[in-house]
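To be precise, the following lines are upload19.cif, and they hold mmCIF, C-alpha atoms.
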data_target
#
loop_
_atom_site.label_atom_id
_atom_site.label_comp_id
_atom_site.auth_asym_id
_atom_site.auth_seq_id
_atom_site.Cartn_x
_atom_site.Cartn_y
_atom_site.Cartn_z
CA MET A 1 -42.59 37.96 30.59
CA ARG A 2 -43.12 36.46 27.13
CA ASP A 3 -46.01 34.37 28.48
CA GLU A 4 -47.64 37.46 29.99
CA LYS A 5 -47.28 39.35 26.72
CA ARG A 6 -48.89 36.53 24.75
CA PHE A 7 -51.73 36.47 27.28
CA TRP A 8 -52.46 40.20 26.88
CA ASP A 9 -52.20 40.04 23.09
CA ARG A 10 -54.80 37.27 23.06
CA PHE A 11 -56.98 38.92 25.71
CA SER A 12 -56.99 42.37 24.07
CA HIS A 13 -60.07 41.78 21.92
CA ILE A 14 -62.32 41.23 24.95
CA TYR A 15 -60.51 43.26 27.60
CA THR A 16 -62.57 46.43 27.28
CA LYS A 17 -65.79 44.49 27.76
CA PHE A 18 -64.25 42.36 30.51
CA VAL A 19 -63.48 45.42 32.66
CA SER A 20 -66.63 47.36 31.74
CA ASP A 21 -68.29 46.32 35.00
CA SER A 22 -65.56 48.35 36.72
CA ASP A 23 -66.38 51.59 34.87
CA ARG A 24 -67.67 53.23 38.03
CA THR A 25 -64.45 52.32 39.83
CA TYR A 26 -62.34 53.79 37.04
CA ASP A 27 -64.49 56.93 37.06
CA GLU A 28 -63.96 57.40 40.79
CA ALA A 29 -60.23 56.71 40.61
CA ALA A 30 -59.77 59.11 37.69
CA ALA A 31 -61.67 61.79 39.63
CA LEU A 32 -59.18 61.40 42.49
CA ILE A 33 -56.20 61.72 40.15
CA ALA A 34 -57.55 64.54 37.97
CA PRO A 35 -56.81 67.45 40.37
CA TYR A 36 -53.11 66.53 40.29
CA VAL A 37 -52.87 66.60 36.47
CA GLU A 38 -52.05 70.12 35.31
CA PRO A 39 -52.20 71.49 31.75
CA GLY A 40 -48.44 71.88 31.40
CA MET A 41 -47.52 68.43 32.69
CA ARG A 42 -45.77 65.71 30.74
CA VAL A 43 -47.30 62.39 31.85
CA LEU A 44 -46.15 58.85 31.10
CA GLU A 45 -48.75 56.10 31.39
CA LEU A 46 -47.48 52.55 31.81
CA ALA A 47 -49.60 49.45 31.14
CA CYS A 48 -52.39 51.54 29.63
CA GLY A 49 -54.39 48.49 28.55
CA THR A 50 -57.17 49.50 26.21
CA GLY A 51 -57.21 53.04 27.58
CA GLN A 52 -59.29 52.93 30.76
CA PHE A 53 -57.36 55.83 32.32
CA THR A 54 -56.12 57.31 29.04
CA LEU A 55 -59.65 58.15 27.92
CA ARG A 56 -60.49 59.74 31.25
CA LEU A 57 -57.35 61.78 31.92
CA ALA A 58 -55.18 62.39 28.83
CA SER A 59 -56.89 65.61 27.78
CA LEU A 60 -55.98 67.25 31.12
CA ALA A 61 -52.21 67.12 30.58
CA GLY A 62 -49.91 69.08 28.32
CA GLU A 63 -48.52 65.81 26.96
CA TRP A 64 -49.75 62.28 27.68
CA TYR A 65 -47.67 59.36 26.46
CA ALA A 66 -49.55 56.08 26.89
CA THR A 67 -47.62 52.82 26.68
CA ASP A 68 -48.16 49.09 27.01
CA PHE A 69 -45.92 46.12 26.31
CA SER A 70 -48.73 44.47 24.31
CA ALA A 71 -49.01 46.01 20.85
CA ALA A 72 -52.52 44.58 20.53
CA MET A 73 -53.73 46.27 23.72
CA LEU A 74 -52.02 49.51 22.73
CA GLY A 75 -53.65 49.53 19.31
CA ARG A 76 -57.08 49.24 20.83
CA ALA A 77 -56.31 52.03 23.30
CA ALA A 78 -55.20 54.32 20.48
CA ARG A 79 -58.36 53.64 18.48
CA ARG A 80 -60.57 54.26 21.50
CA ALA A 81 -58.78 57.44 22.57
CA GLY A 82 -59.22 59.16 19.22
CA SER A 83 -58.42 62.87 19.51
CA ARG A 84 -58.07 63.07 23.29
CA GLY A 85 -54.50 64.33 23.03
CA ALA A 86 -52.54 61.18 23.87
CA SER A 87 -49.65 59.69 21.93
CA PHE A 88 -48.91 55.97 22.08
CA GLY A 89 -45.92 53.66 22.03
CA VAL A 90 -45.03 50.06 22.84
CA ALA A 91 -42.85 50.00 25.97
CA ASP A 92 -41.75 47.55 28.66
CA ALA A 93 -42.15 49.10 32.11
CA PHE A 94 -39.05 47.20 33.25
CA ASN A 95 -36.81 48.60 30.50
CA LEU A 96 -37.97 52.04 29.42
CA ALA A 97 -36.06 53.52 26.48
CA LEU A 98 -36.78 57.03 27.72
CA PRO A 99 -34.49 59.79 29.03
CA ASP A 100 -33.83 60.26 32.74
CA ALA A 101 -35.95 62.83 34.60
CA SER A 102 -38.15 63.48 31.57
CA PHE A 103 -41.69 63.27 33.01
CA ASP A 104 -43.61 65.28 35.58
CA ALA A 105 -45.81 62.31 36.48
CA VAL A 106 -46.18 58.59 35.82
CA LEU A 107 -49.43 56.65 35.97
CA ILE A 108 -49.31 52.88 36.31
CA GLY A 109 -52.87 51.60 36.52
CA ASN A 110 -53.74 48.12 37.76
CA ALA A 111 -50.44 46.54 36.85
CA LEU A 112 -48.26 46.33 39.96
CA HIS A 113 -50.17 43.35 41.32
CA ILE A 114 -49.72 41.32 38.11
CA MET A 115 -46.00 42.01 37.67
CA PRO A 116 -43.60 39.29 38.82
CA GLU A 117 -41.02 41.91 39.86
CA PRO A 118 -42.80 45.23 40.38
CA GLU A 119 -39.66 46.64 41.99
CA ARG A 120 -38.12 46.75 38.50
CA ALA A 121 -41.01 48.90 37.30
CA ALA A 122 -40.58 51.17 40.33
CA ALA A 123 -36.89 51.60 39.47
CA SER A 124 -37.80 52.60 35.90
CA ILE A 125 -40.39 55.05 37.19
CA ARG A 126 -37.92 56.66 39.57
CA ARG A 127 -35.43 57.08 36.74
CA VAL A 128 -37.79 58.81 34.29
CA LEU A 129 -39.51 61.04 36.86
CA LYS A 130 -38.26 64.56 37.45
CA PRO A 131 -37.21 65.35 41.04
CA GLY A 132 -40.37 65.55 43.13
CA GLY A 133 -42.41 64.04 40.29
CA LEU A 134 -45.75 62.38 40.94
CA LEU A 135 -46.71 58.72 40.78
CA PHE A 136 -50.34 57.70 40.31
CA ALA A 137 -50.72 54.01 41.19
CA PRO A 138 -54.41 53.03 41.17
CA THR A 139 -54.43 49.30 41.89
CA PHE A 140 -57.19 46.77 42.41
CA VAL A 141 -56.88 45.41 45.93
CA ARG A 142 -58.17 41.93 46.62
CA SER A 143 -57.03 40.78 50.06
CA GLY A 144 -59.82 40.44 52.59
CA VAL A 145 -62.60 40.93 50.04
CA PRO A 146 -64.52 37.61 49.82
CA ALA A 147 -66.57 38.76 46.84
CA ASN A 148 -63.41 38.86 44.75
CA ALA A 149 -62.32 35.25 45.35
CA ALA A 150 -64.31 33.93 42.37
CA HIS A 151 -63.03 36.76 40.17
CA ILE A 152 -59.43 35.91 41.02
CA ARG A 153 -60.01 32.23 40.25
CA PHE A 154 -61.57 33.17 36.91
CA ILE A 155 -58.74 35.37 35.68
CA ARG A 156 -56.16 32.83 36.81
CA ALA A 157 -58.04 30.18 34.82
CA LEU A 158 -57.67 32.41 31.76
CA GLY A 159 -53.91 32.39 32.25
CA LEU A 160 -53.29 35.62 34.14
CA ARG A 161 -51.11 35.38 37.23
CA VAL A 162 -51.61 37.64 40.24
CA TYR A 163 -48.19 37.88 41.85
CA ASN A 164 -48.93 40.47 44.55
CA ASN A 165 -52.29 40.33 46.24
CA PHE A 166 -52.10 43.82 47.75
CA ASP A 167 -54.54 45.31 50.19
CA ALA A 168 -54.58 49.09 50.58
CA ALA A 169 -52.19 49.08 53.54
CA SER A 170 -49.61 46.80 51.93
CA LEU A 171 -49.73 48.81 48.68
CA ARG A 172 -48.98 52.01 50.61
CA GLU A 173 -46.17 50.29 52.49
CA TRP A 174 -44.72 48.93 49.25
CA LEU A 175 -44.70 52.37 47.60
CA ALA A 176 -42.95 53.89 50.62
CA GLY A 177 -40.30 51.18 50.36
CA GLN A 178 -39.71 52.10 46.72
CA GLY A 179 -38.74 55.68 47.46
CA PHE A 180 -42.10 57.45 47.23
CA GLU A 181 -43.79 59.73 49.76
CA LEU A 182 -47.52 59.04 49.93
CA MET A 183 -49.67 62.13 49.40
CA GLU A 184 -53.16 60.61 49.18
CA SER A 185 -54.70 57.17 49.27
CA GLU A 186 -58.40 56.57 48.75
CA THR A 187 -60.29 53.42 47.85
CA ALA A 188 -62.63 53.70 44.88
CA GLY A 189 -65.32 51.30 43.76
CA GLY A 190 -66.73 50.10 47.06
CA GLU A 191 -66.46 46.53 48.31
CA ARG A 192 -67.21 44.78 45.03
CA LYS A 193 -64.40 46.27 42.91
CA PRO A 194 -62.08 48.06 45.34
CA MET A 195 -59.23 50.02 43.81
CA CYS A 196 -56.71 51.77 46.03
CA CYS A 197 -55.89 55.04 44.31
CA ALA A 198 -52.45 55.84 45.72
CA ILE A 199 -50.86 59.17 44.79
CA ALA A 200 -47.26 59.68 45.79
CA ARG A 201 -44.28 61.96 45.21
CA LEU A 202 -40.73 60.90 44.40
CA ARG A 203 -38.58 61.53 47.45
#
Structure translated into structure tokens:
Amino acid sequence: MRDEKRFWDRFSHIYTKFVSDSDRTYDEAAALIAPYVEPGMRVLELACGTGQFTLRLASLAGEWYATDFSAAMLGRAARRAGSRGASFGVADAFNLALPDASFDAVLIGNALHIMPEPERAAASIRRVLKPGGLLFAPTFVRSGVPANAAHIRFIRALGLRVYNNFDAASLREWLAGQGFELMESETAGGERKPMCCAIARLR
């Protein structure tokens, strides 16, 4: 994990621009999640990056705690978010120093596919969610999309490893195997930048 952290620290200064061509996809995914975020909710965001979902959703919740294991990425997210109502903290999704059953919802955006052991993140999420709590897991899906082959080669050349090349069906199956009941699953972004926006409830 140290190598991945160094990668994201180095990549943080260009990340916002790098993903800007996916703004429409993020807009669509956030629109799918937004109806589930209620004013009184306490939401934990894991792997917030430079705030792609934070900026779009934080103001809807009662409390939004955005985290990333890269302090450099987190700092940029905090500067971009401004007064949108989020608080920020460095956190490792595999080892969350947070109380059990303390959040109404967890959002982990575009991270499960680049984690070497995403099951460890799922275990952390289950622990910090309240009974029946919600999981928002918007994830770029690559399998079977020829237009994304060059993109995958490019990010791997930069040093990023894609450990789990989910398609929408395998992402849904994986979530079910981690103890979550799927409530909704829509693909945002069309064929060029497909993101499966999976919304599930802790069983």
- request: Could you tell me which residues the PyMOL selection byres ((chain A and resi 106) around 7) returns for this structure, as a VMD selection string?
  value: chain A and resid 43 to 45 105 107 to 108 125 134 to 136
- prompt: For the file shown, what are the residues hit by the PyMOL selection byres ((chain A and resi 133) around 7), laid out as a ChimeraX atom specification?
  reply: /A:104-105,129-132,134-135,201-202
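The space between CA of Asn95 (chain A) and CA of Asn165 (chain A) spans 23.6 Å.
Look at Asp27 (chain A): the protein and nucleic acid residues within 10 Å of it, using all atoms listed in the file and passing over chain neighbours fewer than 5 places away, are Ser22, Leu32, Gln52, Phe53, Arg56, Ala188 and Gly189 of chain A.
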task: Can you give me, as a PyMOL selection string, the residues this file yields under the PyMOL selection byres ((chain A and resi 193) around 8)?
output: chain A and resi 22+25+140+148+188-192+194-195
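Using all atoms listed in the file, the shortest contact distance between Thr139 (chain A) and any of A:Val90, A:Cys197, A:Ala31, A:Ala122 is found at A:Cys197.
Distances to Ala200 (chain A) were evaluated for A:Ala61, A:Gly85, A:Tyr36, A:Ala123 using all atoms listed in the file, and the minimum falls at A:Tyr36.
Put simply, CA of Phe94 (chain A) is 4.8 Å away from CA of Ala121 (chain A).
Separating CA of Tyr65 (chain A) from CA of Gly82 (chain A) is a distance of 13.6 Å.
When only C-alpha atoms are used to measure the gap to Glu186 (chain A), the shortest distance among A:Glu28, A:Glu63, A:Asp100, A:Glu119 belongs to A:Glu28.
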field: Distance query Arg84 (chain A) at most 7 Å, all atoms listed in the file, self and fewer than 2 positions along chain excluded, as a PyMOL selection string
entry: chain A and resi 55+58-59+81-82+86
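Considering the residues A:Asp9, A:Pro99, A:Pro138, A:Asn164 and counting all atoms listed in the file, Pro116 (chain A) has its shortest atom-to-atom contact with A:Asn164.
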field: Shell of 7 Å around Cys48 (chain A), all atoms listed in the file, local chain residues under 5 positions omitted, as a PyMOL selection string
entry: chain A and resi 54+66-68+109
Output file for the selection above: C-alpha atoms, as a PDB file, in the coordinates of the input:
ATOM      1  CA  THR A  54     -56.120  57.310  29.040  1.00  0.00           C
ATOM      2  CA  ALA A  66     -49.550  56.080  26.890  1.00  0.00           C
ATOM      3  CA  THR A  67     -47.620  52.820  26.680  1.00  0.00           C
ATOM      4  CA  ASP A  68     -48.160  49.090  27.010  1.00  0.00           C
ATOM      5  CA  GLY A 109     -52.870  51.600  36.520  1.00  0.00           C
TER       6      GLY A 109
END
